[in-house]
Structure formats: C-alpha cells, structure tokens
Amino acid sequence: MTHEDIVKQIAPLFTSYLNENPDMEVIFLATTDGFPVLNQTAPSKCFEDDKMAAASSTLYSVSNAVSQQILNKAFKVTFIESEDGNVAFVALPLFEQHFVLAMSAGGKINIASLRMMINRLAREIHAKINS
Amino acid sequence: MSTIEEALSGMMTIQGALGCAVVDYSSGMLLGSQGAGVDLELAAAGNSEVVKAKMNTMKSLGIQGSIEDILITLQDQLHIIRPSTSNEGLFLYLALDKNTANLALARRKINDLESDLKRV
C-alpha cells in the first residue's frame with residue numbers, strides 16, 4: 001500500500017476528529033524515518049510539515065530508545081505538555097511500515113482526553129487500513 | 001447528549017455526592033472531576049485497577065458481557081463505578097456520603113448520565 005492510498009483512506013478520519021473537537025489543533029502522520037504523510041490543522045494553525053516530520057521521527061527514536069533501555073518494551077505514547085496545550089505522539093505500525101501519529105490540542109483538552117483520542121484514532125486508522 | 005463537564009455537574013447534583021470523576025482506566029488518568037473531600041486523582045488511579053482486576057477476573061471465569069456498575073460500600077461512603085458504553089475505556093466514578101445518599105436513586109441517576117454521555 002502506498003502513502004497516497006493511506007492518505008486517501010485516513011484523511012476523512014482526520015477531518016472528522018478536527019470537526020468534532022474544536023480545541024484540537026493539529027493531526028499529523030509521518031514516517032518514522034522523517035517524511036510527512038498527512039497533516040490537517042485547525043484554520044488558526046500552521047506549521048512546516050517537513051520540520052514536524054523530522055521532529056516526530058526524532059522523538060519516536062528517542063522515546064523508543066528510552067522505553068527499550070528502561071522497560072525493555074516498545075514505546076506507545078509520548079506527551080509534550082506546554083503552557084496552554086498538549087501534544088501526543090503514538091507509534092503506528094501499518095503494513096510492515098512504521099509511522100508516528102501526532103495530535104495537539106489547546107489547554108481545554110487535558111492529557112487524559114488527548115491520550116484517549118489519539119489512541120482511538122490510531123485504532124481506527126489501523127482497522128481502516130487493514131480492512 | 002451531554003459533555004463530560006455536564007455529566008460531572010449532573011453527578012454532583014445527586015444527593016450526598018462528595019466528588020465525581022470521569023476516568024480513563026487504561027491509564028488511570030482523569031478526564032474531568034468535580035467535588036472535594038476525596039483525592040479524585042488518587043481515586044481515579046486506584047479505581048482503574050479495580051476495574052481492570054474485575055475485567056480480568058471475568059475473563060478468567062469465562063463470563064461474557066460487560067460490567068454495568070461496581071458498588072463499593074465503605075463505613076461512611078458509597079462509591080459507584082460505571083463504565084461508559086459510548087466511550088470505551090472510560091468510567092464514571094461517584095463518591096457519596098452514606099448518611100445522606102439514596103443508593104437506588106444515585107444508581108439510577110448515574111445510569112441516566114452515563115447513557116447520555118456523548119463520545120469524547
């Protein structure tokens with residue numbers, strides 16, 4: 001399956017999450033080697049997807065290295081907590097390829113809610129791509 | 001359909017309510033809470049283990065179906081845990097003062113609030 005096929009299938013999911021949650025700002029998918037696949041943002045947000053993909057890839061590697069070193073397990077979720085908002089990153093394996101899914105939201109969506117939503121979206125993407 | 005904040009406000013209107021929360025039991029984290037008198041962050045984490053333990057026990061026993069609610073009776077308090085059907089992995093948690101609460105009414109009300117909770 002190509003990245004274009006993946007984008008075609010999951011873009012409506014990204015749109016629905018952004019539409020249903022007004023405080024959600026960014027949903028972003030990148031490969032673990034640092035290439036952007038798909039991003040959707042709230043109208044007020046913009047960012048450079050190349051830089052975001054590179055940062056996501058780095059964070060994936062660091063999170064995995066720490067998790068493997070300390071717990072001897074692959075990482076699942078990493079959070080960045082900022083002054084007024086949070087960003088979550090999850091590892092997302094699809095068709096023997098590895099991706100990082102990122103989601104950011106303003107302060108009205110707390111970490112627990114963001115964690116639940118990004119995990120749910122990851123499960124939905126997995127189900128859609130593998131169906 | 002109601003939001004988490006509306007569900008929490010609804011739980012706090014139940015007679016005898018001390019504190020309430022909506023909890024993600026896979027992480028033990030609070031999605032929201034209201035009230036005082038109980039350390040709700042600690043209660044969320046602890047009761048997440050209760051829910052997971054019960055689910056594992058049901059699985060071990062081969063019991064089909066899901067948990068409707070869990071009632072914990074303490075000397076002075078009643079605690080009700082009600083897993084959410086609209087949001088898999090979440091539960092509603094309500095701590096009540098045993099002397100002033102009406103258990104039947106509280107269970108009924110929390111059932112209604114849970115049924116009305118919209119997908120997060």
# chains A, B, ... in the order shown; residues from 1 in each chain; ligands from 1
call {"tool": "interface_residues", "arguments": {"of": "chain B", "to": "chain A", "cutoff": "10 Å", "atoms": "only C-alpha atoms", "output": "list in words"}}
result
Val22, Val23, Asp24, Ser26, Ser27, Gly28, Met29, Leu30, Leu31, Gly32, Asn87, Glu88, Gly89, Leu90, Arg119 and Val120 of chain B
call {"tool": "write_last_selection", "arguments": {"atoms": "N, CA and C atoms", "output": "PDB file, in the first residue's frame"}}
result
ATOM      1  N   VAL B  22     -14.590  11.463  35.697  1.00  0.00           N
ATOM      2  CA  VAL B  22     -14.618  10.610  34.509  1.00  0.00           C
ATOM      3  C   VAL B  22     -13.170  10.189  34.287  1.00  0.00           C
ATOM      4  N   VAL B  23     -12.958   8.885  34.201  1.00  0.00           N
ATOM      5  CA  VAL B  23     -11.602   8.340  34.262  1.00  0.00           C
ATOM      6  C   VAL B  23     -11.323   7.422  33.072  1.00  0.00           C
ATOM      7  N   ASP B  24     -10.105   7.504  32.565  1.00  0.00           N
ATOM      8  CA  ASP B  24      -9.629   6.557  31.548  1.00  0.00           C
ATOM      9  C   ASP B  24      -8.938   5.425  32.295  1.00  0.00           C
ATOM     10  N   SER B  26      -7.438   2.728  31.326  1.00  0.00           N
ATOM     11  CA  SER B  26      -6.199   2.122  30.827  1.00  0.00           C
ATOM     12  C   SER B  26      -4.984   2.871  31.370  1.00  0.00           C
ATOM     13  N   SER B  27      -5.146   4.182  31.621  1.00  0.00           N
ATOM     14  CA  SER B  27      -4.028   4.968  32.160  1.00  0.00           C
ATOM     15  C   SER B  27      -4.255   5.384  33.608  1.00  0.00           C
ATOM     16  N   GLY B  28      -5.497   5.330  34.063  1.00  0.00           N
ATOM     17  CA  GLY B  28      -5.817   5.819  35.408  1.00  0.00           C
ATOM     18  C   GLY B  28      -5.895   7.332  35.488  1.00  0.00           C
ATOM     19  N   MET B  29      -5.947   7.989  34.329  1.00  0.00           N
ATOM     20  CA  MET B  29      -5.939   9.457  34.323  1.00  0.00           C
ATOM     21  C   MET B  29      -7.352  10.026  34.310  1.00  0.00           C
ATOM     22  N   LEU B  30      -7.462  11.210  34.904  1.00  0.00           N
ATOM     23  CA  LEU B  30      -8.760  11.901  34.971  1.00  0.00           C
ATOM     24  C   LEU B  30      -9.037  12.680  33.697  1.00  0.00           C
ATOM     25  N   LEU B  31     -10.216  12.500  33.127  1.00  0.00           N
ATOM     26  CA  LEU B  31     -10.634  13.375  32.032  1.00  0.00           C
ATOM     27  C   LEU B  31     -11.328  14.607  32.589  1.00  0.00           C
ATOM     28  N   GLY B  32     -11.880  14.442  33.770  1.00  0.00           N
ATOM     29  CA  GLY B  32     -12.518  15.572  34.430  1.00  0.00           C
ATOM     30  C   GLY B  32     -12.956  15.168  35.813  1.00  0.00           C
ATOM     31  N   ASN B  87     -18.012   5.556  25.355  1.00  0.00           N
ATOM     32  CA  ASN B  87     -16.569   5.810  25.302  1.00  0.00           C
ATOM     33  C   ASN B  87     -15.841   4.619  25.897  1.00  0.00           C
ATOM     34  N   GLU B  88     -15.457   3.702  25.045  1.00  0.00           N
ATOM     35  CA  GLU B  88     -14.788   2.501  25.540  1.00  0.00           C
ATOM     36  C   GLU B  88     -13.508   2.897  26.286  1.00  0.00           C
ATOM     37  N   GLY B  89     -13.317   2.329  27.469  1.00  0.00           N
ATOM     38  CA  GLY B  89     -12.106   2.625  28.237  1.00  0.00           C
ATOM     39  C   GLY B  89     -12.304   3.682  29.311  1.00  0.00           C
ATOM     40  N   LEU B  90     -13.496   4.267  29.357  1.00  0.00           N
ATOM     41  CA  LEU B  90     -13.770   5.279  30.390  1.00  0.00           C
ATOM     42  C   LEU B  90     -14.760   4.744  31.412  1.00  0.00           C
ATOM     43  N   ARG B 119     -19.834  10.780  22.854  1.00  0.00           N
ATOM     44  CA  ARG B 119     -18.495  10.291  22.541  1.00  0.00           C
ATOM     45  C   ARG B 119     -17.503  11.455  22.624  1.00  0.00           C
ATOM     46  N   VAL B 120     -16.436  11.251  23.390  1.00  0.00           N
ATOM     47  CA  VAL B 120     -15.431  12.311  23.566  1.00  0.00           C
ATOM     48  C   VAL B 120     -14.684  12.516  22.262  1.00  0.00           C
TER      49      VAL B 120
END
call {"tool": "residues_around", "arguments": {"residues": "A:Asn119", "least_positions_apart": "2", "cutoff": "10 Å", "atoms": "only C-alpha atoms", "output": "ChimeraX atom specification"}}
result
/A:76-77,88-92,101,113-117,121-125
call {"tool": "write_last_selection", "arguments": {"atoms": "C-alpha atoms", "output": "compact mmCIF listing (two decimals), in the first residue's frame"}}
result
# COMPACT_ATOMS: atom_id res chain seq x y z
CA LYS A 76 3.36 3.57 22.84
CA VAL A 77 2.67 7.21 23.64
CA ALA A 88 0.80 13.43 21.96
CA PHE A 89 2.75 11.08 19.71
CA VAL A 90 1.95 7.39 19.17
CA ALA A 91 3.77 4.70 17.29
CA LEU A 92 1.59 3.37 14.47
CA LEU A 101 0.82 9.84 14.63
CA SER A 113 -8.61 13.17 26.87
CA LEU A 114 -5.89 13.69 24.29
CA ARG A 115 -4.40 10.28 25.11
CA MET A 116 -7.78 8.64 24.70
CA MET A 117 -8.48 10.39 21.39
CA LEU A 121 -7.74 7.42 16.18
CA ALA A 122 -4.74 5.08 15.93
CA ARG A 123 -7.04 2.06 16.38
CA GLU A 124 -9.47 3.41 13.77
CA ILE A 125 -6.66 4.02 11.27
call {"tool": "residues_around", "arguments": {"residues": "B:Arg82", "least_positions_apart": "4", "cutoff": "8 Å", "atoms": "only C-alpha atoms", "output": "VMD selection string"}}
result
chain B and resid 67 to 70 91 to 93 110 to 111 114
call {"tool": "closest_residue", "arguments": {"among": "A:Asn86, A:Thr78, A:Gln40, A:Ser16", "to": "A:Phe28", "atoms": "only C-alpha atoms"}}
result
A:Gln40
call {"tool": "atom_distance", "arguments": {"atom1": "atom CA of A:Ala11", "atom2": "atom CA of A:Asn39"}}
result
8.5 Å
call {"tool": "residues_around", "arguments": {"residues": "B:Ala101", "least_positions_apart": "5", "cutoff": "9 Å", "atoms": "only C-alpha atoms", "output": "PyMOL selection string"}}
result
chain B and resi 14-17+77-78+96+106
call {"tool": "atom_distance", "arguments": {"atom1": "atom CA of B:Gly35", "atom2": "atom CA of B:Met12"}}
result
7.2 Å
call {"tool": "select_by_dssp", "arguments": {"residues": "stretch 39-113 of chain B", "states": "strand (DSSP E)", "output": "list in words"}}
result
Ile70, Leu71, Ile72, Thr73, Gln77, Leu78, His79, Ile80, Ile81, Arg82, Pro83, Leu90, Phe91, Leu92, Tyr93, Leu94, Ala95, Leu96 and Asp97 of chain B
call {"tool": "write_last_selection", "arguments": {"atoms": "C-alpha atoms", "output": "short mmCIF file (atom, residue, chain, number, x, y, z; two decimals), in the first residue's frame"}}
result
data_model
loop_
_atom_site.label_atom_id
_atom_site.label_comp_id
_atom_site.auth_asym_id
_atom_site.auth_seq_id
_atom_site.Cartn_x
_atom_site.Cartn_y
_atom_site.Cartn_z
CA ILE B 70 -19.44 -1.66 40.62
CA LEU B 71 -20.57 -0.62 44.08
CA ILE B 72 -18.09 -0.27 46.92
CA THR B 73 -19.61 0.17 50.35
CA GLN B 77 -19.20 6.41 51.95
CA LEU B 78 -20.56 4.69 48.90
CA HIS B 79 -18.52 4.59 45.71
CA ILE B 80 -20.14 3.85 42.37
CA ILE B 81 -18.12 2.97 39.27
CA ARG B 82 -19.98 2.87 35.98
CA PRO B 83 -18.10 2.04 32.75
CA LEU B 90 -13.77 5.28 30.39
CA PHE B 91 -15.76 5.01 33.59
CA LEU B 92 -17.82 7.39 35.67
CA TYR B 93 -16.92 7.49 39.33
CA LEU B 94 -19.05 8.89 42.12
CA ALA B 95 -18.30 9.08 45.84
CA LEU B 96 -21.34 9.55 48.07
CA ASP B 97 -21.88 10.30 51.74
#
call {"tool": "select_by_dssp", "arguments": {"residues": "chain A", "states": "alpha helix (DSSP H)", "output": "JSON, numbers by chain"}}
result
{"A": [3, 4, 5, 6, 7, 8, 9, 10, 11, 12, 13, 14, 15, 16, 17, 18, 19, 20, 49, 50, 51, 52, 53, 54, 55, 56, 57, 58, 59, 60, 61, 62, 63, 64, 65, 66, 67, 68, 69, 70, 71, 111, 112, 113, 114, 115, 116, 117, 118, 119, 120, 121, 122, 123, 124, 125, 126, 127, 128, 129, 130]}
call {"tool": "closest_residue", "arguments": {"among": "A:Leu13, A:Ala30, A:Met24, A:Val62", "to": "A:Ala42", "atoms": "only C-alpha atoms"}}
result
A:Met24
call {"tool": "decode", "arguments": {"residues": "chain A", "atoms": "C-alpha atoms", "output": "JSON list (two decimals), in the first residue's frame"}}
result
[["chain", "number", "residue", "atom", "x", "y", "z"],
["A", 1, "MET", "CA", 0.00, 0.00, 0.00],
["A", 2, "THR", "CA", 1.41, 3.41, -1.00],
["A", 3, "HIS", "CA", 1.32, 6.54, 1.13],
["A", 4, "GLU", "CA", -1.23, 8.00, -1.32],
["A", 5, "ASP", "CA", -3.55, 5.06, -0.62],
["A", 6, "ILE", "CA", -3.14, 5.58, 3.11],
["A", 7, "VAL", "CA", -3.83, 9.31, 2.80],
["A", 8, "LYS", "CA", -6.97, 8.65, 0.76],
["A", 9, "GLN", "CA", -8.33, 6.34, 3.43],
["A", 10, "ILE", "CA", -7.47, 8.24, 6.55],
["A", 11, "ALA", "CA", -7.98, 11.89, 5.55],
["A", 12, "PRO", "CA", -11.74, 11.72, 6.34],
["A", 13, "LEU", "CA", -10.90, 10.39, 9.82],
["A", 14, "PHE", "CA", -8.57, 13.33, 10.49],
["A", 15, "THR", "CA", -11.25, 15.74, 9.28],
["A", 16, "SER", "CA", -13.92, 14.24, 11.50],
["A", 17, "TYR", "CA", -11.70, 14.41, 14.61],
["A", 18, "LEU", "CA", -10.88, 18.06, 13.92],
["A", 19, "ASN", "CA", -14.51, 18.93, 13.24],
["A", 20, "GLU", "CA", -15.82, 17.15, 16.32],
["A", 21, "ASN", "CA", -13.27, 18.72, 18.66],
["A", 22, "PRO", "CA", -12.97, 22.50, 18.24],
["A", 23, "ASP", "CA", -9.98, 22.65, 20.61],
["A", 24, "MET", "CA", -7.97, 20.18, 18.59],
["A", 25, "GLU", "CA", -5.28, 21.97, 16.60],
["A", 26, "VAL", "CA", -3.18, 19.54, 14.61],
["A", 27, "ILE", "CA", -3.31, 15.92, 13.49],
["A", 28, "PHE", "CA", -0.21, 14.76, 11.74],
["A", 29, "LEU", "CA", 1.13, 11.50, 10.34],
["A", 30, "ALA", "CA", 4.78, 10.97, 9.41],
["A", 31, "THR", "CA", 7.01, 8.02, 8.70],
["A", 32, "THR", "CA", 9.48, 7.08, 11.41],
["A", 33, "ASP", "CA", 12.30, 7.98, 9.03],
["A", 34, "GLY", "CA", 11.09, 11.58, 8.93],
["A", 35, "PHE", "CA", 8.82, 12.09, 5.93],
["A", 36, "PRO", "CA", 5.43, 13.78, 6.22],
["A", 37, "VAL", "CA", 2.43, 11.72, 5.05],
["A", 38, "LEU", "CA", -0.64, 13.72, 6.01],
["A", 39, "ASN", "CA", -1.48, 16.68, 8.18],
["A", 40, "GLN", "CA", -4.65, 18.55, 8.94],
["A", 41, "THR", "CA", -4.83, 21.61, 11.11],
["A", 42, "ALA", "CA", -7.38, 23.92, 12.61],
["A", 43, "PRO", "CA", -7.68, 27.11, 10.50],
["A", 44, "SER", "CA", -5.75, 29.15, 13.07],
["A", 45, "LYS", "CA", -2.69, 26.88, 12.99],
["A", 46, "CYS", "CA", 0.10, 26.44, 10.52],
["A", 47, "PHE", "CA", 3.49, 24.76, 10.67],
["A", 48, "GLU", "CA", 6.19, 23.36, 8.41],
["A", 49, "ASP", "CA", 5.37, 19.72, 7.89],
["A", 50, "ASP", "CA", 8.97, 18.81, 6.97],
["A", 51, "LYS", "CA", 10.24, 20.08, 10.30],
["A", 52, "MET", "CA", 7.37, 18.44, 12.16],
["A", 53, "ALA", "CA", 8.07, 15.12, 10.44],
["A", 54, "ALA", "CA", 11.75, 15.33, 11.32],
["A", 55, "ALA", "CA", 10.95, 16.20, 14.94],
["A", 56, "SER", "CA", 8.37, 13.40, 15.17],
["A", 57, "SER", "CA", 10.88, 10.94, 13.82],
["A", 58, "THR", "CA", 13.50, 12.04, 16.33],
["A", 59, "LEU", "CA", 11.01, 11.86, 19.18],
["A", 60, "TYR", "CA", 9.95, 8.37, 18.08],
["A", 61, "SER", "CA", 13.57, 7.20, 18.13],
["A", 62, "VAL", "CA", 14.34, 8.79, 21.48],
["A", 63, "SER", "CA", 11.10, 7.52, 23.08],
["A", 64, "ASN", "CA", 11.72, 4.03, 21.76],
["A", 65, "ALA", "CA", 15.33, 4.03, 22.91],
["A", 66, "VAL", "CA", 14.39, 5.16, 26.42],
["A", 67, "SER", "CA", 11.49, 2.72, 26.64],
["A", 68, "GLN", "CA", 13.65, -0.16, 25.41],
["A", 69, "GLN", "CA", 16.51, 0.72, 27.72],
["A", 70, "ILE", "CA", 14.48, 1.12, 30.88],
["A", 71, "LEU", "CA", 11.44, -1.11, 30.35],
["A", 72, "ASN", "CA", 12.65, -3.39, 27.57],
["A", 73, "LYS", "CA", 9.41, -2.64, 25.69],
["A", 74, "ALA", "CA", 8.49, -0.60, 22.63],
["A", 75, "PHE", "CA", 7.03, 2.84, 23.38],
["A", 76, "LYS", "CA", 3.36, 3.57, 22.84],
["A", 77, "VAL", "CA", 2.67, 7.21, 23.64],
["A", 78, "THR", "CA", 4.84, 10.27, 24.29],
["A", 79, "PHE", "CA", 3.48, 13.58, 25.56],
["A", 80, "ILE", "CA", 4.67, 17.14, 25.41],
["A", 81, "GLU", "CA", 2.90, 19.31, 27.95],
["A", 82, "SER", "CA", 3.11, 23.03, 27.24],
["A", 83, "GLU", "CA", 1.76, 26.12, 28.98],
["A", 84, "ASP", "CA", -1.56, 26.02, 27.20],
["A", 85, "GLY", "CA", -1.86, 22.76, 25.36],
["A", 86, "ASN", "CA", -0.51, 19.30, 24.87],
["A", 87, "VAL", "CA", 0.93, 17.22, 22.05],
["A", 88, "ALA", "CA", 0.80, 13.43, 21.96],
["A", 89, "PHE", "CA", 2.75, 11.08, 19.71],
["A", 90, "VAL", "CA", 1.95, 7.39, 19.17],
["A", 91, "ALA", "CA", 3.77, 4.70, 17.29],
["A", 92, "LEU", "CA", 1.59, 3.37, 14.47],
["A", 93, "PRO", "CA", 2.68, 0.28, 12.54],
["A", 94, "LEU", "CA", 0.76, -0.19, 9.27],
["A", 95, "PHE", "CA", 1.51, -2.84, 6.66],
["A", 96, "GLU", "CA", 5.03, -3.50, 7.88],
["A", 97, "GLN", "CA", 5.77, 0.23, 7.76],
["A", 98, "HIS", "CA", 6.23, 2.32, 10.87],
["A", 99, "PHE", "CA", 4.59, 5.70, 11.33],
["A", 100, "VAL", "CA", 4.23, 8.32, 14.05],
["A", 101, "LEU", "CA", 0.82, 9.84, 14.63],
["A", 102, "ALA", "CA", 0.78, 13.20, 16.41],
["A", 103, "MET", "CA", -2.15, 15.16, 17.78],
["A", 104, "SER", "CA", -2.12, 18.54, 19.50],
["A", 105, "ALA", "CA", -4.82, 20.40, 21.33],
["A", 106, "GLY", "CA", -5.27, 23.55, 23.37],
["A", 107, "GLY", "CA", -5.49, 23.56, 27.14],
["A", 108, "LYS", "CA", -9.20, 22.74, 27.20],
["A", 109, "ILE", "CA", -8.43, 19.15, 26.18],
["A", 110, "ASN", "CA", -6.45, 17.63, 29.03],
["A", 111, "ILE", "CA", -3.76, 14.96, 28.63],
["A", 112, "ALA", "CA", -6.10, 12.10, 29.54],
["A", 113, "SER", "CA", -8.61, 13.17, 26.87],
["A", 114, "LEU", "CA", -5.89, 13.69, 24.29],
["A", 115, "ARG", "CA", -4.40, 10.28, 25.11],
["A", 116, "MET", "CA", -7.78, 8.64, 24.70],
["A", 117, "MET", "CA", -8.48, 10.39, 21.39],
["A", 118, "ILE", "CA", -5.11, 9.70, 19.78],
["A", 119, "ASN", "CA", -5.27, 6.04, 20.83],
["A", 120, "ARG", "CA", -8.79, 5.77, 19.44],
["A", 121, "LEU", "CA", -7.74, 7.42, 16.18],
["A", 122, "ALA", "CA", -4.74, 5.08, 15.93],
["A", 123, "ARG", "CA", -7.04, 2.06, 16.38],
["A", 124, "GLU", "CA", -9.47, 3.41, 13.77],
["A", 125, "ILE", "CA", -6.66, 4.02, 11.27],
["A", 126, "HIS", "CA", -5.31, 0.53, 11.90],
["A", 127, "ALA", "CA", -8.75, -1.01, 11.39],
["A", 128, "LYS", "CA", -9.42, 1.01, 8.24],
["A", 129, "ILE", "CA", -6.07, 0.31, 6.61],
["A", 130, "ASN", "CA", -6.11, -3.36, 7.48],
["A", 131, "SER", "CA", -9.74, -3.96, 6.48]]
